[in-house]
file final-v5.cif (mmCIF, C-alpha atoms)
data_query
loop_
_atom_site.label_atom_id
_atom_site.label_comp_id
_atom_site.auth_asym_id
_atom_site.auth_seq_id
_atom_site.Cartn_x
_atom_site.Cartn_y
_atom_site.Cartn_z
CA MET A 1 -64.36 -39.39 44.88
CA ASN A 2 -62.01 -36.76 43.49
CA GLU A 3 -63.06 -33.13 43.95
CA ILE A 4 -61.14 -30.25 42.37
CA SER A 5 -60.42 -26.87 43.92
CA ILE A 6 -58.97 -24.29 41.53
CA ILE A 7 -56.91 -21.43 43.00
CA ILE A 8 -56.37 -18.36 40.82
CA PRO A 9 -54.44 -15.33 42.12
CA THR A 10 -55.12 -12.16 40.12
CA ARG A 11 -54.03 -8.54 40.03
CA ASN A 12 -55.39 -5.78 37.78
CA ARG A 13 -56.39 -8.21 35.02
CA ILE A 14 -60.18 -8.21 35.00
CA GLU A 15 -60.60 -8.88 31.27
CA THR A 16 -58.01 -11.67 31.23
CA LEU A 17 -59.58 -13.24 34.32
CA LYS A 18 -62.99 -13.24 32.62
CA LYS A 19 -61.62 -15.28 29.70
CA CYS A 20 -60.01 -17.75 32.09
CA LEU A 21 -63.23 -18.30 34.10
CA ILE A 22 -65.52 -18.54 31.09
CA GLU A 23 -63.45 -21.41 29.65
CA ILE A 24 -63.33 -23.26 32.99
CA ASN A 25 -67.12 -22.98 33.10
CA LYS A 26 -67.34 -24.94 29.80
CA SER A 27 -65.51 -27.94 31.27
CA THR A 28 -67.03 -31.43 30.91
CA ILE A 29 -66.12 -31.97 34.57
CA LYS A 30 -66.95 -29.08 36.85
CA PRO A 31 -64.58 -28.21 39.71
CA LYS A 32 -65.97 -28.24 43.23
CA GLU A 33 -64.92 -24.62 43.64
CA ILE A 34 -62.91 -21.76 42.19
CA ILE A 35 -61.06 -19.55 44.65
CA ILE A 36 -59.92 -16.19 43.32
CA ILE A 37 -57.37 -14.25 45.36
CA ASP A 38 -57.77 -10.63 44.29
CA GLN A 39 -54.77 -8.34 44.85
CA SER A 40 -55.96 -5.62 42.46
CA ASP A 41 -55.54 -1.92 43.11
CA VAL A 42 -59.33 -1.64 42.72
CA LYS A 43 -61.26 -4.61 44.09
CA ILE A 44 -63.05 -6.81 41.57
CA ASP A 45 -66.84 -6.65 41.70
CA PHE A 46 -67.77 -10.28 41.08
CA GLU A 47 -71.20 -9.36 39.72
CA ASN A 48 -69.47 -7.54 36.87
CA ILE A 49 -67.31 -10.50 35.81
CA ASN A 50 -69.85 -12.63 33.98
CA ASP A 51 -73.36 -13.90 34.67
CA ASP A 52 -72.49 -17.39 33.47
CA ILE A 53 -69.43 -18.05 35.65
CA PHE A 54 -69.40 -21.28 37.66
CA VAL A 55 -71.67 -20.71 40.63
CA ASN A 56 -69.37 -21.87 43.45
CA THR A 57 -66.78 -19.13 43.11
CA THR A 58 -65.24 -17.34 46.06
CA ILE A 59 -63.25 -14.11 45.93
CA ILE A 60 -60.79 -13.44 48.74
CA TYR A 61 -59.48 -9.88 48.83
CA GLN A 62 -55.83 -9.45 49.76
CA ASP A 63 -54.56 -6.03 50.83
CA TYR A 64 -51.11 -6.17 49.25
CA PRO A 65 -49.68 -7.99 46.22
CA SER A 66 -47.85 -11.21 47.04
CA LEU A 67 -48.25 -14.23 44.79
CA THR A 68 -46.97 -16.65 47.44
CA LYS A 69 -49.31 -15.28 50.12
CA ALA A 70 -52.20 -15.37 47.63
CA ARG A 71 -51.58 -19.02 46.80
CA ASN A 72 -51.28 -19.88 50.49
CA ASN A 73 -54.56 -18.06 51.20
CA GLY A 74 -56.22 -20.08 48.48
CA LEU A 75 -54.74 -23.29 49.84
CA LYS A 76 -56.05 -22.59 53.35
CA ASN A 77 -59.58 -22.16 51.97
CA ALA A 78 -59.56 -25.05 49.48
CA SER A 79 -61.74 -28.06 50.34
CA GLY A 80 -61.07 -30.36 47.35
CA ASN A 81 -58.67 -33.30 47.54
CA ILE A 82 -57.04 -32.18 44.26
CA ILE A 83 -55.75 -28.61 44.19
CA ILE A 84 -55.10 -26.84 40.90
CA PHE A 85 -52.92 -23.74 40.93
CA MET A 86 -53.22 -21.70 37.76
CA ASP A 87 -52.59 -18.17 36.51
CA ASP A 88 -55.36 -15.77 35.59
CA ASP A 89 -54.05 -15.68 32.00
CA THR A 90 -54.24 -19.46 31.49
CA ILE A 91 -56.93 -20.88 29.22
CA LEU A 92 -58.15 -24.49 29.42
CA ASN A 93 -60.49 -26.27 27.05
CA LYS A 94 -63.56 -28.31 27.98
CA HIS A 95 -61.59 -31.56 28.27
CA SER A 96 -58.59 -30.29 30.28
CA LEU A 97 -59.95 -31.10 33.75
CA GLU A 98 -61.32 -34.47 32.59
CA LYS A 99 -57.89 -35.49 31.25
CA LEU A 100 -56.21 -34.24 34.40
CA LEU A 101 -58.42 -36.42 36.61
CA LYS A 102 -57.87 -39.46 34.37
CA THR A 103 -54.11 -38.94 34.72
CA PHE A 104 -54.34 -39.09 38.51
CA GLU A 105 -56.64 -42.11 38.35
CA MET A 106 -54.45 -44.13 36.00
CA ASN A 107 -51.84 -44.65 38.75
CA ASN A 108 -52.20 -44.09 42.50
CA ASN A 109 -48.51 -43.15 42.69
CA ILE A 110 -49.07 -40.03 40.59
CA LYS A 111 -49.16 -37.09 43.02
CA LEU A 112 -48.68 -34.09 40.72
CA VAL A 113 -49.95 -33.48 37.20
CA THR A 114 -49.02 -30.62 34.92
CA SER A 115 -48.95 -29.94 31.19
CA ILE A 116 -47.13 -27.95 28.53
CA ASP A 117 -48.23 -24.58 27.25
CA ILE A 118 -49.37 -25.09 23.64
CA ASN A 119 -47.18 -22.10 22.67
CA ASN A 120 -44.03 -23.71 24.07
CA ASN A 121 -41.76 -25.64 21.72
CA ASN A 122 -39.72 -27.74 24.17
CA ASN A 123 -38.08 -29.95 21.55
CA ARG A 124 -34.79 -28.77 20.04
CA ARG A 125 -33.18 -30.40 17.03
CA TYR A 126 -29.74 -29.41 18.29
CA PRO A 127 -28.57 -29.00 21.91
CA ASP A 128 -28.26 -25.51 23.39
CA VAL A 129 -24.46 -25.52 23.73
CA PHE A 130 -24.36 -22.07 25.35
CA GLY A 131 -26.90 -23.14 27.99
CA ILE A 132 -25.05 -26.40 28.67
CA ILE A 133 -21.65 -24.69 29.07
CA PHE A 134 -23.06 -22.28 31.66
CA GLY A 135 -25.02 -24.93 33.57
CA ARG A 136 -28.39 -23.59 32.54
CA LYS A 137 -29.48 -26.76 30.72
CA LYS A 138 -28.54 -30.44 30.65
CA LEU A 139 -27.30 -32.23 27.56
CA SER A 140 -29.45 -35.36 27.42
CA LYS A 141 -32.02 -34.92 30.19
CA LYS A 142 -35.64 -35.45 29.14
CA GLY A 143 -38.92 -34.52 30.80
CA GLY A 144 -39.02 -31.88 33.52
CA TYR A 145 -35.87 -31.32 35.51
CA VAL A 146 -34.18 -28.81 37.82
CA CYS A 147 -30.71 -27.43 37.07
CA LYS A 148 -29.69 -27.41 40.72
CA GLY A 149 -26.63 -25.23 40.28
CA SER A 150 -28.33 -22.46 38.31
CA MET A 151 -31.66 -22.87 40.16
CA LEU A 152 -33.64 -23.06 36.91
CA GLY A 153 -36.43 -25.45 35.94
CA ARG A 154 -36.57 -26.89 32.44
CA TYR A 155 -38.92 -28.93 30.24
CA ASN A 156 -37.07 -30.77 27.48
CA ASN A 157 -37.86 -33.27 24.72
CA ILE A 158 -41.32 -34.15 25.99
CA ASN A 159 -42.42 -36.51 23.23
CA LEU A 160 -44.34 -39.17 25.15
CA PRO A 161 -47.91 -38.52 26.35
CA ILE A 162 -46.72 -38.91 29.96
CA SER A 163 -43.27 -37.78 31.12
CA GLU A 164 -41.90 -37.55 34.65
CA THR A 165 -40.89 -34.20 36.09
CA GLN A 166 -39.13 -32.74 39.13
CA TRP A 167 -41.08 -29.48 39.04
CA ALA A 168 -43.98 -27.64 37.40
CA MET A 169 -44.57 -24.20 35.93
CA GLY A 170 -46.93 -22.01 37.95
CA TYR A 171 -49.36 -21.27 35.13
CA PHE A 172 -50.99 -24.71 35.64
CA PHE A 173 -50.35 -27.69 37.92
CA ALA A 174 -52.37 -29.93 40.22
CA VAL A 175 -51.34 -31.51 43.51
CA LYS A 176 -52.86 -33.79 46.15
CA LYS A 177 -54.19 -32.14 49.30
CA ASP A 178 -53.14 -35.11 51.46
CA ILE A 179 -49.49 -34.66 50.46
CA ILE A 180 -49.73 -30.93 51.23
CA ASN A 181 -51.13 -31.72 54.69
CA LYS A 182 -48.80 -34.63 55.44
CA TYR A 183 -45.64 -32.59 54.86
CA ASN A 184 -47.08 -29.19 55.86
CA LEU A 185 -46.15 -27.67 52.50
CA LYS A 186 -46.80 -24.07 51.50
CA PHE A 187 -45.40 -21.35 49.28
CA ASP A 188 -42.44 -19.42 50.69
CA GLU A 189 -43.73 -15.93 51.57
CA ASN A 190 -40.18 -14.57 51.68
CA LEU A 191 -40.61 -14.49 47.90
CA ILE A 192 -42.60 -11.28 47.53
CA SER A 193 -44.70 -9.61 44.82
CA TYR A 194 -44.58 -11.54 41.53
CA ALA A 195 -42.33 -13.95 43.49
CA TYR A 196 -40.33 -15.60 40.66
CA PRO A 197 -39.53 -18.54 40.86
CA GLU A 198 -42.05 -19.51 43.54
CA ASP A 199 -43.38 -22.33 41.33
CA LEU A 200 -39.95 -23.99 41.12
CA ASP A 201 -39.44 -23.70 44.87
CA PHE A 202 -42.84 -25.12 45.82
CA THR A 203 -43.07 -27.92 43.27
CA TYR A 204 -39.46 -29.06 43.65
CA ASN A 205 -39.99 -29.25 47.42
CA TYR A 206 -43.26 -31.11 46.79
CA TYR A 207 -41.45 -33.50 44.42
CA LYS A 208 -38.76 -34.31 47.01
CA ASN A 209 -41.45 -35.20 49.56
CA VAL A 210 -43.44 -37.25 47.05
CA LEU A 211 -40.37 -39.43 46.49
CA LYS A 212 -40.50 -40.41 50.18
CA ASP A 213 -43.87 -42.04 49.46
CA ASN A 214 -42.61 -43.71 46.26
CA GLY A 215 -44.77 -41.32 44.29
CA LYS A 216 -44.06 -39.40 41.11
CA CYS A 217 -44.87 -36.14 39.38
CA VAL A 218 -45.80 -36.16 35.70
CA ILE A 219 -46.38 -34.00 32.65
CA ASN A 220 -49.35 -35.00 30.49
CA LYS A 221 -48.77 -33.07 27.29
CA ASP A 222 -52.26 -34.01 26.02
CA ILE A 223 -53.93 -31.76 28.59
CA TYR A 224 -54.71 -28.54 26.74
CA VAL A 225 -53.17 -25.48 28.43
CA ASN A 226 -52.81 -22.11 26.73
CA HIS A 227 -50.78 -19.62 28.76
CA LEU A 228 -51.57 -16.28 27.16
CA GLY A 229 -48.82 -14.28 28.88
CA SER A 230 -51.21 -11.37 29.37
CA LYS A 231 -49.94 -7.84 28.74
CA GLU A 232 -52.88 -6.40 30.69
CA PHE A 233 -50.63 -5.93 33.73
CA ARG A 234 -46.90 -6.71 34.09
CA ILE A 235 -44.27 -5.65 36.60
CA GLU A 236 -41.37 -3.43 35.56
CA SER A 237 -38.45 -5.19 33.85
CA ASN A 238 -35.80 -3.96 36.32
CA LYS A 239 -37.84 -5.41 39.20
CA SER A 240 -38.23 -8.73 37.42
CA LEU A 241 -34.47 -8.89 36.81
CA SER A 242 -33.86 -8.13 40.48
CA MET A 243 -36.16 -11.02 41.44
CA TYR A 244 -34.39 -13.24 38.94
CA VAL A 245 -31.08 -12.75 40.76
CA ILE A 246 -32.10 -12.34 44.42
CA ASN A 247 -34.70 -15.09 44.64
CA ARG A 248 -32.63 -17.72 42.87
CA LEU A 249 -29.68 -16.97 45.13
CA TYR A 250 -31.97 -17.17 48.18
CA LEU A 251 -33.37 -20.51 47.00
CA SER A 252 -29.90 -21.86 46.26
CA TYR A 253 -28.98 -21.33 49.92
CA LYS A 254 -32.34 -22.74 51.00
CA HIS A 255 -32.16 -26.00 49.04
CA PHE A 256 -28.41 -26.64 48.79
CA LYS A 257 -25.93 -25.92 51.59
CA SER A 258 -22.68 -26.55 49.70
CA PRO A 259 -20.92 -23.34 48.49
CA LEU A 260 -20.31 -25.15 45.19
CA TYR A 261 -23.90 -24.40 44.21
CA ARG A 262 -23.33 -20.65 44.62
CA ILE A 263 -20.27 -20.86 42.36
CA ILE A 264 -22.31 -22.65 39.69
CA LEU A 265 -25.12 -20.11 40.09
CA ILE A 266 -22.77 -17.18 39.55
CA TRP A 267 -21.20 -18.96 36.56
CA SER A 268 -24.65 -19.52 35.06
CA ASP A 269 -25.50 -15.83 35.45
CA ILE A 270 -22.24 -14.81 33.81
CA GLY A 271 -23.60 -16.78 30.87
CA GLU A 272 -26.90 -14.90 31.08
CA ILE A 273 -25.07 -11.56 31.17
CA LEU A 274 -23.09 -12.53 28.07
CA ARG A 275 -26.23 -13.69 26.28
CA ARG A 276 -28.00 -10.44 27.05
CA LYS A 277 -25.02 -8.35 26.01
CA ILE A 278 -24.78 -10.18 22.68
CA SER A 279 -28.55 -9.81 22.17
CA LYS A 280 -28.40 -6.13 23.20
CA GLU A 281 -30.75 -6.72 26.12
CA GLU A 282 -30.51 -5.10 29.56
CA TYR A 283 -27.80 -6.80 31.65
CA LYS A 284 -26.36 -4.11 33.94
CA THR A 285 -29.18 -4.60 36.44
CA ILE A 286 -27.98 -8.17 37.02
CA ILE A 287 -24.47 -6.95 37.88
CA LYS A 288 -25.82 -4.20 40.13
CA VAL A 289 -28.08 -6.61 42.03
CA TYR A 290 -25.26 -9.12 42.51
CA LYS A 291 -23.22 -6.36 44.19
CA GLU A 292 -26.12 -5.75 46.58
CA CYS A 293 -26.53 -9.46 47.27
CA PHE A 294 -22.84 -9.70 48.16
CA LYS A 295 -23.40 -7.03 50.87
CA TYR A 296 -26.22 -9.04 52.43
CA ARG A 297 -25.01 -12.57 51.77
CA LYS A 298 -25.12 -13.45 55.49
CA ASP A 299 -28.88 -12.89 55.50
CA LEU A 300 -29.31 -15.02 52.39
CA ARG A 301 -27.17 -17.73 53.96
CA ASN A 302 -29.56 -17.70 56.94
CA ASN A 303 -32.63 -17.98 54.69
CA LYS A 304 -33.55 -14.31 54.98
CA ILE A 305 -33.85 -11.57 52.39
CA HIS A 306 -32.56 -8.22 53.68
CA LYS A 307 -34.97 -5.28 53.55
CA ASN A 308 -32.68 -3.43 51.13
CA LEU A 309 -32.87 -6.36 48.72
CA LEU A 310 -36.66 -6.45 49.12
CA LYS A 311 -36.80 -2.79 48.10
CA LEU A 312 -35.26 -3.69 44.73
CA MET A 313 -38.17 -6.06 44.03
CA ARG A 314 -41.08 -3.91 45.20
#

call {"tool": "encode", "arguments": {"input": "final-v5.cif", "output": "C-alpha cells"}}
result
Amino acid sequence: MNEISIIIPTRNRIETLKKCLIEINKSTIKPKEIIIIDQSDVKIDFENINDDIFVNTTIIYQDYPSLTKARNNGLKNASGNIIIFMDDDTILNKHSLEKLLKTFEMNNNIKLVTSIDINNNNNRRYPDVFGIIFGRKKLSKKGGYVCKGSMLGRYNNINLPISETQWAMGYFFAVKKDIINKYNLKFDENLISYAYPEDLDFTYNYYKNVLKDNGKCVINKDIYVNHLGSKEFRIESNKSLSMYVINRLYLSYKHFKSPLYRIILIWSDIGEILRRKISKEEYKTIIKVYKECFKYRKDLRNNKIHKNLLKLMR
C-alpha cells in the first residue's frame, strides 16, 4: 500500500504556508503525514495556522536557514514509501495526490513523478536561438532535460500527458523512499540558504541512479500544480545571482570532471550577461562573482565552497 509523506520547508511565510496546507487538506487522498521544516526568524505556532489542517502534521524547528538541510531533516523523519518535496508557496487541488499515485501505479518502473506549474508555458512556437547558441537550451529536445554544460534544467514541448524527464523542479516532485535508501541519496548541504539549484542536483543524481534499475522519471502534466512564487519573503537579488554562479560552477565540478564542461559553463554565462545587458538587468554581479570563483577554483575542483564564496550567498 502506498503511503505519502509530504515535506515542506518554510521560512517567514506563514500566510502562504496556510494556503498550501488548506488545499492539501481538501485532497481526495490524504497523505500519511505532512512534515514542515520551519526556518523562520520567529517560530511558527502551529495552533495559529488553521484549525482544519490535516491532523498528522509535524513541525520541526531548524535554527538556521538552509533549504538542503531542511529537506534532509524532513527526509530523515518521513515514514511514507512515497516522498513528496514541495515548496510552501505551491498549491495543489483535491485531485493532485490521487493523480500522482495513479501515475506511480500505472508502471512499476516509474520512480519519480513531477508536474508542470500551470503558470509555465513550456511550448515555444519558434526555437530560442540565443539560448541554443550559448548552450542554455537544446534545439529539438523534448520533455525534461539537463543542459550539462551550462548546468541548467529545462522543460520543453511537453504535449503528451506523460513525458520522461532527467530532473524535476523543487516546487513539487515525488520520489520512492526505497530508491533513496538503496543509493543513500540526500540533498547536498554544501548548497546553503536558498540553495539554488539544489533541485537539479538532487533529482539529476536520483535520475542517474534510477537508470541503473531500468527505471524512469516522468512529468504528468495533468497533475494540477500552481506555484505561486510568493513575494511574502524573498532573498536579495545580489545573493541569488551569487548562488546562480557559484553553485552551478560547484555542481559542474561535482557531476562532470572534464574541463570542457567549465568552458561551456562560462560560455553560457557570457550569454546570460549579454542577455541581461540588452534587457537592462543587473549583470555586473555575475562578473564580480566569477572573479571570486577564479580565486578559489581549487576548492571548487575538490567539491568544496570556500568560506569567502559562502559569504557572498549568506

call {"tool": "atom_distance", "arguments": {"input": "final-v5.cif", "atom1": "CA of Ser237 in chain A", "atom2": "CA of Lys288 in chain A"}}
result
14.1 Å

call {"tool": "resolve_selection", "arguments": {"input": "final-v5.cif", "expression": "the PyMOL selection byres ((chain A and resi 185) around 12)", "output": "ChimeraX atom specification"}}
result
/A:71-72,75-76,175-184,186-188,201-210

call {"tool": "write_last_selection", "arguments": {"input": "final-v5.cif", "atoms": "C-alpha atoms", "output": "mmCIF file, in the coordinates of the input"}}
result
data_model
loop_
_atom_site.group_PDB
_atom_site.id
_atom_site.type_symbol
_atom_site.label_atom_id
_atom_site.label_comp_id
_atom_site.auth_asym_id
_atom_site.auth_seq_id
_atom_site.Cartn_x
_atom_site.Cartn_y
_atom_site.Cartn_z
ATOM 1 C CA ARG A 71 -51.580 -19.020 46.800
ATOM 2 C CA ASN A 72 -51.280 -19.880 50.490
ATOM 3 C CA LEU A 75 -54.740 -23.290 49.840
ATOM 4 C CA LYS A 76 -56.050 -22.590 53.350
ATOM 5 C CA VAL A 175 -51.340 -31.510 43.510
ATOM 6 C CA LYS A 176 -52.860 -33.790 46.150
ATOM 7 C CA LYS A 177 -54.190 -32.140 49.300
ATOM 8 C CA ASP A 178 -53.140 -35.110 51.460
ATOM 9 C CA ILE A 179 -49.490 -34.660 50.460
ATOM 10 C CA ILE A 180 -49.730 -30.930 51.230
ATOM 11 C CA ASN A 181 -51.130 -31.720 54.690
ATOM 12 C CA LYS A 182 -48.800 -34.630 55.440
ATOM 13 C CA TYR A 183 -45.640 -32.590 54.860
ATOM 14 C CA ASN A 184 -47.080 -29.190 55.860
ATOM 15 C CA LYS A 186 -46.800 -24.070 51.500
ATOM 16 C CA PHE A 187 -45.400 -21.350 49.280
ATOM 17 C CA ASP A 188 -42.440 -19.420 50.690
ATOM 18 C CA ASP A 201 -39.440 -23.700 44.870
ATOM 19 C CA PHE A 202 -42.840 -25.120 45.820
ATOM 20 C CA THR A 203 -43.070 -27.920 43.270
ATOM 21 C CA TYR A 204 -39.460 -29.060 43.650
ATOM 22 C CA ASN A 205 -39.990 -29.250 47.420
ATOM 23 C CA TYR A 206 -43.260 -31.110 46.790
ATOM 24 C CA TYR A 207 -41.450 -33.500 44.420
ATOM 25 C CA LYS A 208 -38.760 -34.310 47.010
ATOM 26 C CA ASN A 209 -41.450 -35.200 49.560
ATOM 27 C CA VAL A 210 -43.440 -37.250 47.050
#

call {"tool": "resolve_selection", "arguments": {"input": "final-v5.cif", "expression": "the PyMOL selection byres ((chain A and resi 134) around 9)", "output": "list in words"}}
result
Val129, Phe130, Gly131, Ile132, Ile133, Gly135, Arg136, Lys137, Ser150, Ile264, Leu265, Trp267, Ser268, Asp269, Ile270, Gly271 and Glu272 of chain A

call {"tool": "residues_around", "arguments": {"input": "final-v5.cif", "residues": "range 61-65 of chain A", "least_positions_apart": "5", "cutoff": "9 Å", "atoms": "all atoms listed in the file", "output": "count of residues only"}}
result
14

call {"tool": "resolve_selection", "arguments": {"input": "final-v5.cif", "expression": "the PyMOL selection byres ((chain A and resi 80-88) around 10)", "output": "PyMOL selection string"}}
result
chain A and resi 1-11+13-21+31-36+71+74-75+77-79+89-91+97+100-101+104+111-114+169-180+199+227-230

call {"tool": "residues_near_point", "arguments": {"input": "final-v5.cif", "point": "(-33.8, -5.2, 30.2)", "cutoff": "7 Å", "atoms": "only C-alpha atoms", "output": "ChimeraX atom specification"}}
result
/A:237-238,281-283

call {"tool": "atom_distance", "arguments": {"input": "final-v5.cif", "atom1": "CA of Met313 in chain A", "atom2": "CA of Tyr145 in chain A"}}
result
26.8 Å

call {"tool": "atom_distance", "arguments": {"input": "final-v5.cif", "atom1": "CA of Leu249 in chain A", "atom2": "CA of Ile116 in chain A"}}
result
26.5 Å

call {"tool": "residues_around", "arguments": {"input": "final-v5.cif", "residues": "Asp299 in chain A", "least_positions_apart": "2", "cutoff": "12 Å", "atoms": "only C-alpha atoms", "output": "list in words"}}
result
Ile246, Leu249, Tyr250, Tyr253, Lys254, Glu292, Cys293, Phe294, Lys295, Tyr296, Arg297, Arg301, Asn302, Asn303, Lys304, Ile305, His306, Lys307, Asn308, Leu309 and Leu310 of chain A

call {"tool": "axis_aligned_box", "arguments": {"input": "final-v5.cif", "around": "range 279-293 of chain A", "padding_each_side": "5 Å", "output": "AutoDock Vina command-line options"}}
result
--center_x -27.0 --center_y -7.0 --center_z 34.7 --size_x 17.5 --size_y 15.7 --size_z 35.1

call {"tool": "closest_residue", "arguments": {"input": "final-v5.cif", "among": "A:Asn107, A:Ser66, A:Asn120, A:Asn93", "to": "Asn156 in chain A", "atoms": "only C-alpha atoms"}}
result
A:Asn120

call {"tool": "residues_around", "arguments": {"input": "final-v5.cif", "residues": "Thr165 in chain A", "least_positions_apart": "3", "cutoff": "9 Å", "atoms": "only C-alpha atoms", "output": "number ranges by chain"}}
result
A: 114, 142-146, 155, 168, 207, 216-219
